[in-house]
$ cat run-v6.cif   # mmCIF, C-alpha atoms
data_structure
loop_
_atom_site.label_atom_id
_atom_site.label_comp_id
_atom_site.auth_asym_id
_atom_site.auth_seq_id
_atom_site.Cartn_x
_atom_site.Cartn_y
_atom_site.Cartn_z
CA MET A 100 -36.74 34.93 -2.18
CA LYS A 101 -40.51 34.54 -2.71
CA MET A 102 -41.84 34.77 -6.25
CA THR A 103 -45.35 34.75 -7.60
CA GLU A 104 -46.46 32.14 -10.09
CA ASP A 105 -46.85 34.79 -12.79
CA GLU A 106 -43.31 36.09 -12.25
CA LEU A 107 -41.80 32.64 -12.55
CA ARG A 108 -43.95 31.82 -15.58
CA GLN A 109 -42.71 34.97 -17.34
CA VAL A 110 -39.11 33.90 -16.79
CA VAL A 111 -39.70 30.33 -18.00
CA GLU A 112 -41.94 31.16 -20.97
CA LYS A 113 -40.10 34.22 -22.27
CA GLY A 114 -40.25 34.13 -26.08
CA ASP A 115 -41.74 31.50 -28.39
CA GLU A 116 -39.00 28.89 -28.04
CA LYS A 117 -38.36 26.82 -24.92
CA ARG A 118 -35.72 28.44 -22.72
CA THR A 119 -32.64 26.74 -21.37
CA LEU A 120 -31.95 26.47 -17.68
CA ASP A 121 -28.89 28.74 -17.97
CA GLU A 122 -30.93 31.47 -19.69
CA ALA A 123 -33.63 31.39 -17.02
CA ILE A 124 -31.06 31.40 -14.20
CA SER A 125 -29.44 34.50 -15.70
CA ASP A 126 -32.82 36.29 -15.70
CA LEU A 127 -33.52 35.46 -12.06
CA VAL A 128 -30.05 36.65 -11.08
CA GLY A 129 -30.19 39.82 -13.18
CA GLN A 130 -33.82 40.86 -12.73
CA TYR A 131 -34.56 39.68 -9.21
CA GLY A 132 -31.10 39.69 -7.62
CA MET A 133 -31.45 36.01 -6.71
CA ASP A 134 -28.41 33.93 -5.79
CA ARG A 135 -27.41 31.74 -8.75
CA GLY A 136 -27.60 28.53 -6.76
CA ASP A 137 -31.00 29.46 -5.31
CA ALA A 138 -32.26 30.34 -8.79
CA ARG A 139 -31.22 26.92 -10.08
CA VAL A 140 -33.04 25.15 -7.26
CA LYS A 141 -36.19 27.24 -7.74
CA LEU A 142 -36.33 26.54 -11.47
CA LEU A 143 -35.62 22.82 -11.26
CA THR A 144 -38.22 22.19 -8.57
CA CYS A 145 -40.96 24.21 -10.26
CA THR A 146 -40.58 23.20 -13.89
CA GLN A 147 -40.47 20.16 -16.09
CA GLN A 148 -37.16 19.57 -17.85
CA GLU A 149 -36.09 18.15 -21.18
CA PHE A 150 -32.45 17.36 -21.93
CA ARG A 151 -31.09 17.90 -25.46
CA ASP A 152 -27.42 17.94 -26.41
CA GLY A 153 -26.39 18.63 -22.83
CA ASP A 154 -28.74 21.61 -22.41
CA THR A 155 -31.69 21.61 -20.06
CA TYR A 156 -34.88 23.08 -21.54
CA LEU A 157 -37.65 24.22 -19.21
CA GLU A 158 -41.42 24.05 -19.30
CA PHE A 159 -43.55 25.65 -16.59
CA ASP A 160 -45.10 22.94 -14.40
CA GLU A 161 -48.81 23.60 -14.04
CA ASN A 162 -49.07 21.01 -11.26
CA VAL A 163 -46.61 22.61 -8.87
CA ASP A 164 -47.51 25.21 -6.27
CA ILE A 165 -44.31 27.23 -6.07
CA GLU A 166 -45.20 28.45 -2.59
CA GLU A 167 -44.65 24.89 -1.34
CA PHE A 168 -40.96 25.08 -2.14
CA THR A 169 -38.13 26.89 -0.43
CA VAL A 170 -34.46 26.83 -1.28
CA ASP A 171 -33.34 24.88 1.79
CA ALA A 172 -36.25 22.47 2.25
CA GLN A 173 -37.21 20.62 -0.90
CA GLY A 174 -39.02 17.60 0.47
CA PRO A 175 -39.17 15.06 3.26
CA ASP A 176 -35.96 13.47 4.45
CA VAL A 177 -35.65 9.80 5.34
CA GLY A 178 -34.12 10.85 8.64
CA GLN A 179 -37.40 12.48 9.63
CA GLN A 180 -39.23 9.15 9.84
CA ASN A 181 -40.49 8.26 13.28
CA GLU A 182 -38.87 5.41 15.21
CA SER A 183 -41.57 2.85 14.46
CA GLN A 184 -41.32 3.54 10.71
CA GLN A 185 -37.52 3.31 10.82
CA SER A 186 -37.66 0.08 12.78
CA GLU A 187 -40.07 -1.44 10.26
CA PHE A 188 -37.77 -0.40 7.44
CA GLU A 189 -34.67 -1.87 9.12
CA GLN A 190 -36.44 -5.17 9.70
CA SER A 191 -38.00 -5.58 6.26
CA TYR A 192 -35.72 -3.93 3.71
CA GLN A 193 -33.18 -6.20 2.03
CA PRO A 194 -30.26 -3.92 1.04
CA GLU A 195 -27.97 -4.17 -1.89
CA THR A 196 -24.34 -4.95 -1.16
CA VAL A 197 -21.13 -3.68 -2.65
CA GLU A 198 -17.91 -5.64 -2.91
CA TRP A 199 -14.84 -3.47 -2.54
CA GLU A 200 -11.65 -4.41 -4.36
CA GLY A 201 -9.49 -3.32 -1.44
CA SER A 202 -10.54 -6.21 0.79
CA SER A 203 -12.38 -9.50 0.84
CA GLU A 204 -15.29 -8.05 2.81
CA THR A 205 -18.76 -7.39 1.48
CA PHE A 206 -20.47 -4.31 2.90
CA ASP A 207 -24.13 -3.82 3.61
CA GLU A 208 -24.88 -0.35 2.25
CA ARG A 209 -26.41 0.74 5.60
CA ASP A 210 -23.12 -0.09 7.31
CA VAL A 211 -21.16 2.33 5.10
CA ASP A 212 -22.51 5.76 5.81
CA GLU A 213 -19.53 7.62 7.23
CA GLU A 214 -18.39 10.87 5.72
CA SER A 215 -14.84 11.38 4.52
CA ALA A 216 -12.50 11.86 7.45
CA PRO A 217 -11.24 15.34 8.46
CA LEU A 218 -8.19 16.74 6.69
CA THR A 219 -4.72 16.73 8.20
CA GLU A 220 -1.89 19.17 7.49
CA ASP A 221 -0.08 16.57 5.35
CA GLU A 222 -0.22 16.65 1.56
CA PHE A 223 0.29 14.16 -1.26
CA TYR A 224 1.36 16.23 -4.24
CA HIS A 225 -1.54 18.67 -4.70
CA LEU A 226 -4.04 16.94 -2.41
CA PRO A 227 -4.48 17.07 1.36
CA VAL A 228 -4.26 13.81 3.28
CA ARG A 229 -7.24 12.83 5.43
CA GLU A 230 -7.07 11.27 8.87
CA ASP A 231 -6.77 7.50 8.81
CA THR A 232 -10.05 6.52 10.46
CA GLY A 233 -10.31 3.08 8.88
CA HIS A 234 -13.08 4.04 6.49
CA PRO A 235 -14.01 0.83 4.63
CA PHE A 236 -14.01 2.50 1.21
CA VAL A 237 -10.43 3.73 1.39
CA PRO A 238 -8.56 1.34 -0.97
CA GLU A 239 -5.58 -0.68 0.11
CA ASN A 240 -2.36 0.86 -1.13
CA ARG A 241 -0.83 -1.07 -4.02
CA GLU A 242 2.41 -0.51 -5.85
CA TYR A 243 1.99 1.83 -8.79
CA LEU A 244 4.63 2.73 -11.37
CA TYR A 245 4.59 6.45 -12.12
CA SER A 246 5.06 7.56 -15.71
CA GLU A 247 6.35 10.87 -17.01
CA ARG A 248 3.90 13.09 -18.86
CA ALA A 249 5.68 16.23 -20.08
CA GLU A 250 8.25 18.65 -18.71
CA GLY A 251 9.10 16.28 -15.88
CA VAL A 252 5.53 16.07 -14.53
CA THR A 253 4.38 12.55 -13.59
CA ASP A 254 0.93 11.15 -14.25
CA VAL A 255 0.16 11.08 -10.51
CA GLU A 256 1.18 14.71 -10.07
CA GLU A 257 -0.98 15.73 -13.03
CA PHE A 258 -3.93 13.74 -11.71
CA THR A 259 -3.73 15.17 -8.19
CA TYR A 260 -3.55 18.69 -9.65
CA ALA A 261 -6.73 18.07 -11.64
CA VAL A 262 -8.61 16.52 -8.72
CA ALA A 263 -7.54 19.30 -6.34
CA ASN A 264 -9.21 21.85 -8.62
CA ASN A 265 -12.87 21.52 -7.69
CA ASP A 266 -14.12 23.57 -10.64
CA PHE A 267 -14.18 20.49 -12.87
CA GLY A 268 -14.46 16.73 -12.87
CA THR A 269 -11.58 14.56 -14.13
CA LEU A 270 -11.76 12.27 -17.16
CA LEU A 271 -9.09 9.64 -17.81
CA THR A 272 -8.93 8.31 -21.36
CA GLY A 273 -6.89 5.48 -22.82
CA GLU A 274 -6.81 1.81 -23.75
CA PRO A 275 -7.70 -0.87 -21.18
CA GLY A 276 -4.68 -1.87 -19.16
CA THR A 277 -3.04 1.57 -19.12
CA GLY A 278 -3.61 1.89 -15.37
CA LYS A 279 -6.46 4.41 -15.25
CA GLY A 280 -8.35 2.84 -12.36
CA HIS A 281 -5.15 1.64 -10.67
CA MET A 282 -3.82 5.21 -10.46
CA VAL A 283 -7.09 6.53 -8.99
CA LYS A 284 -7.04 3.85 -6.28
CA HIS A 285 -3.37 4.54 -5.56
CA VAL A 286 -4.03 8.24 -4.97
CA ALA A 287 -7.16 7.54 -2.91
CA ALA A 288 -5.15 5.17 -0.72
CA LYS A 289 -2.33 7.71 -0.27
CA THR A 290 -4.81 10.43 0.78
CA ASN A 291 -7.14 8.19 2.88
CA THR A 292 -10.06 9.12 0.63
CA PRO A 293 -13.15 6.86 0.34
CA LEU A 294 -13.62 5.75 -3.26
CA ILE A 295 -16.44 3.82 -4.90
CA ARG A 296 -16.26 2.47 -8.42
CA VAL A 297 -19.27 2.04 -10.72
CA ASN A 298 -19.13 0.38 -14.13
CA MET A 299 -21.29 2.46 -16.48
CA GLY A 300 -21.94 -0.36 -18.93
CA VAL A 301 -25.05 -2.45 -19.42
CA GLY A 302 -27.31 -2.64 -16.39
CA ILE A 303 -26.52 0.68 -14.74
CA THR A 304 -29.46 3.09 -14.62
CA LYS A 305 -30.12 6.58 -13.36
CA LYS A 306 -32.20 5.09 -10.54
CA LYS A 307 -29.33 2.88 -9.39
CA LEU A 308 -27.02 5.90 -9.32
CA VAL A 309 -29.31 8.50 -7.81
CA GLY A 310 -31.79 6.43 -5.81
CA GLY A 311 -35.49 5.77 -5.66
CA PHE A 312 -38.43 4.75 -3.55
CA VAL A 313 -38.50 1.16 -2.28
CA PRO A 314 -41.21 -0.68 -0.30
CA ARG A 315 -40.87 -0.68 3.48
CA SER A 316 -41.96 -4.32 3.46
CA ASN A 317 -42.82 -7.09 1.06
CA GLY A 318 -46.54 -6.32 1.25
CA GLU A 319 -48.91 -7.50 -1.45
CA GLY A 320 -49.54 -5.07 -4.28
CA LEU A 321 -46.66 -2.67 -3.56
CA ASP A 322 -44.98 -3.34 -6.91
CA ASP A 323 -48.24 -2.54 -8.70
CA GLN A 324 -48.63 0.67 -6.70
CA MET A 325 -45.10 1.73 -7.63
CA ARG A 326 -45.80 1.06 -11.31
CA LYS A 327 -48.95 3.18 -11.10
CA ALA A 328 -47.01 6.00 -9.44
CA GLU A 329 -44.30 5.87 -12.10
CA GLN A 330 -46.93 5.90 -14.85
CA MET A 331 -48.65 8.88 -13.22
CA SER A 332 -45.28 10.62 -12.96
CA ASP A 333 -44.59 10.08 -16.68
CA GLU A 334 -48.04 11.16 -17.82
CA HIS A 335 -48.46 14.24 -15.63
CA GLY A 336 -44.85 15.33 -15.08
CA ILE A 337 -45.01 15.13 -11.29
CA PRO A 338 -42.40 13.59 -8.97
CA VAL A 339 -42.91 9.93 -8.06
CA GLY A 340 -43.10 10.88 -4.39
CA LYS A 341 -46.04 13.20 -5.08
CA ALA A 342 -47.69 10.48 -7.18
CA LEU A 343 -47.37 8.06 -4.25
CA GLU A 344 -49.02 10.66 -2.03
CA THR A 345 -51.84 11.05 -4.55
CA LEU A 346 -52.39 7.28 -4.43
CA ASN A 347 -52.38 7.45 -0.60
CA VAL A 348 -49.53 4.92 -0.33
CA ARG A 349 -46.56 7.21 0.36
CA GLU A 350 -46.12 5.85 3.89
CA LYS A 351 -45.56 2.36 2.48
CA PHE A 352 -42.38 3.42 0.70
CA VAL A 353 -39.05 4.85 1.77
CA TRP A 354 -36.44 6.70 -0.24
CA LYS A 355 -33.08 4.93 -0.72
CA ASP A 356 -30.08 6.90 -1.94
CA GLY A 357 -28.07 5.48 -4.83
CA TRP A 358 -24.30 5.28 -4.72
CA PHE A 359 -23.77 8.53 -6.60
CA THR A 360 -26.05 10.39 -4.17
CA LYS A 361 -24.25 8.86 -1.20
CA ALA A 362 -20.86 9.93 -2.54
CA PHE A 363 -22.23 13.42 -3.27
CA LYS A 364 -23.50 13.77 0.31
CA LYS A 365 -20.66 12.07 2.17
CA GLY A 366 -17.65 13.54 0.38
CA TRP A 367 -16.43 10.32 -1.24
CA TRP A 368 -14.81 10.09 -4.64
CA ILE A 369 -16.81 8.22 -7.27
CA LEU A 370 -15.07 6.58 -10.22
CA LEU A 371 -17.38 6.10 -13.21
CA ASP A 372 -15.76 3.42 -15.35
CA GLU A 373 -16.43 3.50 -19.10
CA ILE A 374 -18.62 6.58 -18.89
CA ASN A 375 -18.99 6.69 -22.68
CA ALA A 376 -20.89 3.39 -22.57
CA ALA A 377 -23.79 4.95 -20.60
CA ASP A 378 -27.00 6.19 -22.21
CA ALA A 379 -28.09 9.84 -22.16
CA GLU A 380 -30.61 9.45 -19.34
CA THR A 381 -28.06 7.84 -17.04
CA LEU A 382 -25.69 10.78 -17.61
CA MET A 383 -28.25 13.44 -16.61
CA PRO A 384 -27.32 13.74 -12.89
CA PHE A 385 -23.70 14.53 -13.73
CA PHE A 386 -24.45 17.84 -15.45
CA GLY A 387 -25.73 19.54 -12.30
CA ALA A 388 -23.05 17.87 -10.20
CA LEU A 389 -20.37 19.47 -12.39
CA GLU A 390 -21.79 22.99 -12.54
CA ASP A 391 -19.68 25.83 -11.15
CA LYS A 392 -19.15 25.54 -7.39
CA GLU A 393 -21.72 28.19 -6.47
CA SER A 394 -24.61 26.41 -8.17
CA ARG A 395 -23.47 22.78 -8.07
CA SER A 396 -26.32 20.50 -6.99
CA LEU A 397 -27.98 17.15 -7.45
CA GLU A 398 -31.69 17.07 -8.21
CA LEU A 399 -33.60 14.15 -6.70
CA MET A 400 -36.57 14.68 -8.98
CA GLU A 401 -38.63 11.81 -7.61
CA ARG A 402 -38.80 13.39 -4.19
CA SER A 403 -38.71 17.08 -5.27
CA GLN A 404 -35.44 17.63 -3.45
CA THR A 405 -32.20 19.38 -4.36
CA ILE A 406 -29.01 18.70 -2.39
CA ARG A 407 -25.63 20.41 -2.26
CA PRO A 408 -22.34 18.46 -2.47
CA HIS A 409 -20.03 17.69 0.41
CA PRO A 410 -16.80 19.67 -0.23
CA GLY A 411 -14.81 16.44 -0.45
CA PHE A 412 -16.89 14.99 -3.27
CA ARG A 413 -15.12 14.43 -6.59
CA LEU A 414 -16.36 12.93 -9.83
CA ILE A 415 -13.75 10.96 -11.76
CA ALA A 416 -14.50 9.02 -14.94
CA THR A 417 -12.69 6.78 -17.39
CA LYS A 418 -13.33 6.49 -21.11
CA ASN A 419 -12.28 3.83 -23.59
CA PRO A 420 -11.53 4.70 -27.24
CA LEU A 421 -14.44 4.53 -29.69
CA HIS A 422 -13.20 1.38 -31.40
CA HIS A 423 -14.22 -0.58 -28.31
CA SER A 424 -17.59 -2.29 -28.39
CA GLY A 425 -20.42 -0.42 -26.68
CA THR A 426 -18.73 2.97 -26.62
CA LYS A 427 -20.13 6.18 -28.10
CA PRO A 428 -18.87 9.74 -28.58
CA MET A 429 -18.70 11.71 -25.33
CA ASN A 430 -21.37 14.36 -24.80
CA HIS A 431 -19.59 17.66 -25.51
CA ALA A 432 -21.38 19.59 -22.75
CA LEU A 433 -20.32 16.99 -20.18
CA LEU A 434 -16.81 16.83 -21.60
CA ASP A 435 -16.53 20.61 -21.23
CA ARG A 436 -17.06 20.19 -17.48
CA MET A 437 -13.98 17.98 -17.03
CA PHE A 438 -10.20 18.01 -17.04
CA VAL A 439 -9.10 15.42 -19.62
CA MET A 440 -6.00 13.32 -19.04
CA GLU A 441 -4.83 10.65 -21.48
CA LYS A 442 -3.22 7.52 -20.03
CA THR A 443 -0.81 5.49 -22.15
CA TYR A 444 1.06 2.27 -21.61
CA LEU A 445 4.29 2.37 -19.65
CA ASP A 446 7.50 2.90 -21.57
CA ALA A 447 9.32 -0.29 -22.52
CA SER A 448 11.87 -0.11 -19.71
CA SER A 449 9.27 0.43 -16.97
CA GLU A 450 6.93 -2.24 -18.32
CA THR A 451 9.85 -4.69 -18.52
CA ASP A 452 10.63 -4.02 -14.84
CA LEU A 453 6.95 -4.53 -13.99
CA ILE A 454 6.73 -7.89 -15.78
CA LYS A 455 10.05 -9.03 -14.32
CA SER A 456 8.95 -8.17 -10.77
CA SER A 457 5.51 -9.76 -11.04
CA THR A 458 6.18 -12.95 -13.04
CA PRO A 459 8.79 -15.74 -13.15
CA LEU A 460 10.41 -14.16 -16.22
CA GLY A 461 13.94 -12.85 -16.15
CA LYS A 462 14.82 -9.45 -17.56
CA GLU A 463 15.74 -10.68 -21.04
CA ASP A 464 12.51 -12.66 -21.48
CA ALA A 465 10.43 -9.87 -19.93
CA ALA A 466 11.93 -7.43 -22.45
CA LYS A 467 11.11 -9.86 -25.28
CA VAL A 468 7.38 -10.11 -24.43
CA VAL A 469 7.20 -6.34 -23.93
CA ASP A 470 8.62 -5.88 -27.44
CA LEU A 471 5.96 -8.29 -28.70
CA ALA A 472 3.25 -6.28 -26.92
CA GLN A 473 4.47 -2.98 -28.36
CA SER A 474 4.41 -4.31 -31.92
CA ILE A 475 0.86 -5.64 -31.46
CA ARG A 476 -0.32 -2.37 -29.90
CA ALA A 477 1.05 -0.49 -32.90
CA ALA A 478 -1.05 -2.71 -35.19
CA TYR A 479 -4.23 -2.25 -33.14
CA PRO A 480 -7.01 -1.76 -34.16
CA GLU A 481 -6.29 -1.60 -37.92
CA GLN A 482 -4.69 -5.05 -38.24
CA VAL A 483 -5.77 -6.87 -35.08
CA SER A 484 -9.02 -6.62 -33.13
CA ARG A 485 -7.54 -6.74 -29.64
CA THR A 486 -4.46 -5.39 -28.01
CA ILE A 487 -2.37 -6.93 -25.26
CA THR A 488 -2.37 -5.36 -21.80
CA PRO A 489 0.08 -5.74 -18.91
CA ARG A 490 -2.32 -8.36 -17.54
CA GLY A 491 -1.89 -10.36 -20.75
CA LEU A 492 1.88 -10.14 -20.40
CA LYS A 493 1.64 -11.37 -16.82
CA ARG A 494 -0.35 -14.38 -18.01
CA ILE A 495 2.38 -15.15 -20.54
CA GLY A 496 4.88 -15.01 -17.70
CA GLU A 497 2.80 -17.41 -15.62
CA TRP A 498 2.28 -19.84 -18.53
CA SER A 499 6.07 -19.83 -19.08
CA GLU A 500 6.48 -22.01 -16.00
CA LEU A 501 4.62 -24.76 -17.84
CA TYR A 502 5.56 -24.04 -21.47
CA SER A 503 8.39 -22.44 -23.41
CA LEU A 504 8.14 -18.67 -23.66
CA GLU A 505 7.09 -18.82 -27.31
CA GLN A 506 4.38 -21.40 -26.60
CA ALA A 507 3.16 -19.34 -23.62
CA ALA A 508 2.86 -16.29 -25.88
CA ARG A 509 1.07 -18.29 -28.58
CA LYS A 510 -1.38 -19.61 -26.01
CA GLU A 511 -2.20 -16.11 -24.77
CA LEU A 512 -2.56 -14.58 -28.23
CA LEU A 513 -4.05 -17.29 -30.43
CA GLU A 514 -6.39 -19.34 -28.28
CA GLY A 515 -9.96 -18.14 -28.24
CA LEU A 516 -9.65 -15.80 -31.22
CA ASP A 517 -12.96 -14.40 -32.44
CA TYR A 518 -11.74 -13.97 -36.02
CA ASP A 519 -9.68 -16.64 -37.82
CA ASP A 520 -8.30 -14.16 -40.37
CA GLU A 521 -6.59 -12.36 -37.49
CA ARG A 522 -4.42 -15.37 -36.76
CA ASP A 523 -2.08 -14.67 -39.68
CA ALA A 524 -1.36 -11.13 -38.45
CA LEU A 525 -0.58 -12.34 -34.93
CA GLU A 526 1.55 -15.19 -36.28
CA ARG A 527 3.72 -12.62 -38.05
CA HIS A 528 4.25 -10.70 -34.79
CA LEU A 529 5.19 -13.92 -33.00
CA GLU A 530 7.64 -14.96 -35.72
CA SER A 531 9.35 -11.58 -35.67
CA THR A 532 9.79 -11.84 -31.88
CA PHE A 533 10.84 -15.47 -31.50
#
$ encode --input "run-v6.cif" --output "structure tokens"
Amino acid sequence: MKMTEDELRQVVEKGDEKRTLDEAISDLVGQYGMDRGDARVKLLTCTQQEFRDGDTYLEFDENVDIEEFTVDAQGPDVGQQNESQQSEFEQSYQPETVEWEGSSETFDERDVDEESAPLTEDEFYHLPVREDTGHPFVPENREYLYSERAEGVTDVEEFTYAVANNDFGTLLTGEPGTGKGHMVKHVAAKTNTPLIRVNMGVGITKKKLVGGFVPRSNGEGLDDQMRKAEQMSDEHGIPVGKALETLNVREKFVWKDGWFTKAFKKGWWILLDEINAADAETLMPFFGALEDKESRSLELMERSQTIRPHPGFRLIATKNPLHHSGTKPMNHALLDRMFVMEKTYLDASSETDLIKSSTPLGKEDAAKVVDLAQSIRAAYPEQVSRTITPRGLKRIGEWSELYSLEQAARKELLEGLDYDDERDALERHLESTF
């Protein structure tokens, strides 16, 4: 639906205070009969945005001609480059690579561009199974021990129910070593679903997730031109792509999707590890991606483009407790867009079977180190600064081939301690076990 500049300005600037995106969308839907998704696209492409406490506040963009924008065509697409431009890009651009845990291969990002495979009539709990087309991002199936949640429902059944409901994302909380990522990979393998995993800790940025403009070649001065375009974008509130056009260098750069954008387009699952370690700016793309299904979208601000998700796309995240270094409270608006599922350690019997089957330990010794682990976990984090995970128990089992079981446990727990005053507490746990 066409709108005049004055009409849009009235919607955005209604009242003295800045309006939120949701308020403006409601006006366009109620007053102009616009589709909610179309209203969202119109507002985000023709305004400047500020994010506060999970809400998006709008300011009318004086530099945007709203007649340039339509709902379905929000900017140039990389696929529209001519053959000579594409050839130059292929020859000069050095891509990032991603190492997938399911195999020893390393994939060039250009080589992994296939969508999720078509669905079959088979199901795995609440999820459909996709055709097995050999997609490189489908994890290898590994043994996973199911645990009971409540009323006879297993953790895998609960997880597949949450993921099948596309109204929300899925957030897995719990201590490291409780199997959060392992369960996600198990279900992805069982359903032949491509899955990529991104650690949201130090080093991850919004640009790495969403994408950005990169030089077509290693020409002199291109880095300086990009810095000028980014500065112009910050100062004048225009997309970087438009700034590059203003500097007459747009043809020297090409847009490269980030991994989140690729998953959004191709129908992959994306697992955001330690999401509560990310800064506010990095979290911005996830709000629009977890809107209700009718208006769900991803805004590629730098190129003035809005895209819709592939129906197979799912956002899954993990969160560590706040006593872990680098974590922060979860944004409430983002949390409200997700199913929350708490993962705990296996019960003693199941964990004993796991340690027995994966280490040289017999059942009696496996049960002994599991008892040790449970006592330490109960003391964490008040009395000790680190817990012991199933991986730690497996290392004890491996060390037991060289040392006695007690010495193997002491080696795992006491060597490399960050705090000497913690040694006494751990010594007490060891003495009560052995």
$ atom_distance --input "run-v6.cif" --atom1 "atom CA of Pro489 of chain A" --atom2 "atom CA of Ser503 of chain A"
19.2 Å
$ closest_residue --input "run-v6.cif" --among "A:Thr269, A:Ser448, A:Thr486, A:Asn347" --to "Ala472 of chain A" --atoms "all atoms listed in the file"
A:Thr486
$ closest_residue --input "run-v6.cif" --among "A:Thr103, A:Thr290, A:Ser531, A:Thr277" --to "His225 of chain A" --atoms "all atoms listed in the file"
A:Thr290
$ resolve_selection --input "run-v6.cif" --expression "the PyMOL selection byres ((chain A and resi 479) around 12)" --output "VMD selection string"
chain A and resid 274 420 422 to 423 472 to 478 480 to 488 521 524 to 525
$ resolve_selection --input "run-v6.cif" --expression "the PyMOL selection byres ((chain A and resi 154) around 12)" --output "PyMOL selection string"
chain A and resi 117-122+148-153+155-157+379+383+386-387+430-433
$ write_last_selection --input "run-v6.cif" --atoms "C-alpha atoms" --output "tab-separated table (two decimals), in the coordinates of the input"
chain	number	residue	atom	x	y	z
A	117	LYS	CA	-38.36	26.82	-24.92
A	118	ARG	CA	-35.72	28.44	-22.72
A	119	THR	CA	-32.64	26.74	-21.37
A	120	LEU	CA	-31.95	26.47	-17.68
A	121	ASP	CA	-28.89	28.74	-17.97
A	122	GLU	CA	-30.93	31.47	-19.69
A	148	GLN	CA	-37.16	19.57	-17.85
A	149	GLU	CA	-36.09	18.15	-21.18
A	150	PHE	CA	-32.45	17.36	-21.93
A	151	ARG	CA	-31.09	17.90	-25.46
A	152	ASP	CA	-27.42	17.94	-26.41
A	153	GLY	CA	-26.39	18.63	-22.83
A	155	THR	CA	-31.69	21.61	-20.06
A	156	TYR	CA	-34.88	23.08	-21.54
A	157	LEU	CA	-37.65	24.22	-19.21
A	379	ALA	CA	-28.09	9.84	-22.16
A	383	MET	CA	-28.25	13.44	-16.61
A	386	PHE	CA	-24.45	17.84	-15.45
A	387	GLY	CA	-25.73	19.54	-12.30
A	430	ASN	CA	-21.37	14.36	-24.80
A	431	HIS	CA	-19.59	17.66	-25.51
A	432	ALA	CA	-21.38	19.59	-22.75
A	433	LEU	CA	-20.32	16.99	-20.18
$ resolve_selection --input "run-v6.cif" --expression "the PyMOL selection byres ((chain A and resi 331) around 12)" --output "NGL selection string"
:A and (324-330 or 332-346 or 401)
$ closest_residue --input "run-v6.cif" --among "A:Phe236, A:Phe533, A:Phe438, A:Tyr444" --to "Ala362 of chain A" --atoms "only C-alpha atoms"
A:Phe236
$ residues_near_point --input "run-v6.cif" --point "(-15.3, 7.2, -23.9)" --cutoff "6 Å" --atoms "all atoms listed in the file" --output "ChimeraX atom specification"
/A:375,418-420,429
$ closest_residue --input "run-v6.cif" --among "A:Ala263, A:Val128, A:Ala216, A:Val348" --to "Gly233 of chain A" --atoms "only C-alpha atoms"
A:Ala216
$ closest_residue --input "run-v6.cif" --among "A:Leu107, A:Ala376, A:Leu321, A:Ala123" --to "Gly425 of chain A" --atoms "all atoms listed in the file"
A:Ala376
$ residues_around --input "run-v6.cif" --residues "Glu222 of chain A" --least-positions-apart "2" --cutoff "12 Å" --atoms "all atoms listed in the file" --output "list of chain:residue names"
A:Leu218, A:Thr219, A:Glu220, A:Tyr224, A:His225, A:Leu226, A:Pro227, A:Val228, A:Arg229, A:Glu230, A:Glu256, A:Thr259, A:Tyr260, A:Ala263, A:Val286, A:Lys289, A:Thr290, A:Asn291
$ atom_distance --input "run-v6.cif" --atom1 "atom CA of Leu516 of chain A" --atom2 "atom CA of Arg494 of chain A"
16.2 Å
$ atom_distance --input "run-v6.cif" --atom1 "atom CA of Asp470 of chain A" --atom2 "atom CA of Thr451 of chain A"
9.1 Å
$ closest_residue --input "run-v6.cif" --among "A:Thr426, A:Ser456, A:Thr292, A:Ser396" --to "Asn240 of chain A" --atoms "all atoms listed in the file"
A:Thr292
$ residues_around --input "run-v6.cif" --residues "Met282 of chain A" --least-positions-apart "6" --cutoff "10 Å" --atoms "all atoms listed in the file" --output "count of residues only"
10
$ residues_near_point --input "run-v6.cif" --point "(-16.3, 8.2, -13.0)" --cutoff "7 Å" --atoms "only C-alpha atoms" --output "PDB file with C-alpha atoms, in the coordinates of the input"
ATOM      1  CA  ILE A 369     -16.810   8.220  -7.270  1.00  0.00           C
ATOM      2  CA  LEU A 370     -15.070   6.580 -10.220  1.00  0.00           C
ATOM      3  CA  LEU A 371     -17.380   6.100 -13.210  1.00  0.00           C
ATOM      4  CA  ASP A 372     -15.760   3.420 -15.350  1.00  0.00           C
ATOM      5  CA  ILE A 374     -18.620   6.580 -18.890  1.00  0.00           C
ATOM      6  CA  LEU A 414     -16.360  12.930  -9.830  1.00  0.00           C
ATOM      7  CA  ILE A 415     -13.750  10.960 -11.760  1.00  0.00           C
ATOM      8  CA  ALA A 416     -14.500   9.020 -14.940  1.00  0.00           C
ATOM      9  CA  THR A 417     -12.690   6.780 -17.390  1.00  0.00           C
TER      10      THR A 417
END
$ axis_aligned_box --input "run-v6.cif" --around "segment 355-362 of chain A" --padding-each-side "6 Å" --output "lines of an AutoDock Vina configuration file"
center_x = -27.0
center_y = 7.7
center_z = -3.7
size_x = 24.2
size_y = 17.5
size_z = 17.9
$ residues_around --input "run-v6.cif" --residues "Met440 of chain A" --least-positions-apart "3" --cutoff "10 Å" --atoms "only C-alpha atoms" --output "PyMOL selection string"
chain A and resi 248+254+257-258+261+269-273+279+417+437+443
$ write_last_selection --input "run-v6.cif" --atoms "C-alpha atoms" --output "compact mmCIF listing (two decimals), in the frame of the given file"
# COMPACT_ATOMS: atom_id res chain seq x y z
CA ARG A 248 3.90 13.09 -18.86
CA ASP A 254 0.93 11.15 -14.25
CA GLU A 257 -0.98 15.73 -13.03
CA PHE A 258 -3.93 13.74 -11.71
CA ALA A 261 -6.73 18.07 -11.64
CA THR A 269 -11.58 14.56 -14.13
CA LEU A 270 -11.76 12.27 -17.16
CA LEU A 271 -9.09 9.64 -17.81
CA THR A 272 -8.93 8.31 -21.36
CA GLY A 273 -6.89 5.48 -22.82
CA LYS A 279 -6.46 4.41 -15.25
CA THR A 417 -12.69 6.78 -17.39
CA MET A 437 -13.98 17.98 -17.03
CA THR A 443 -0.81 5.49 -22.15
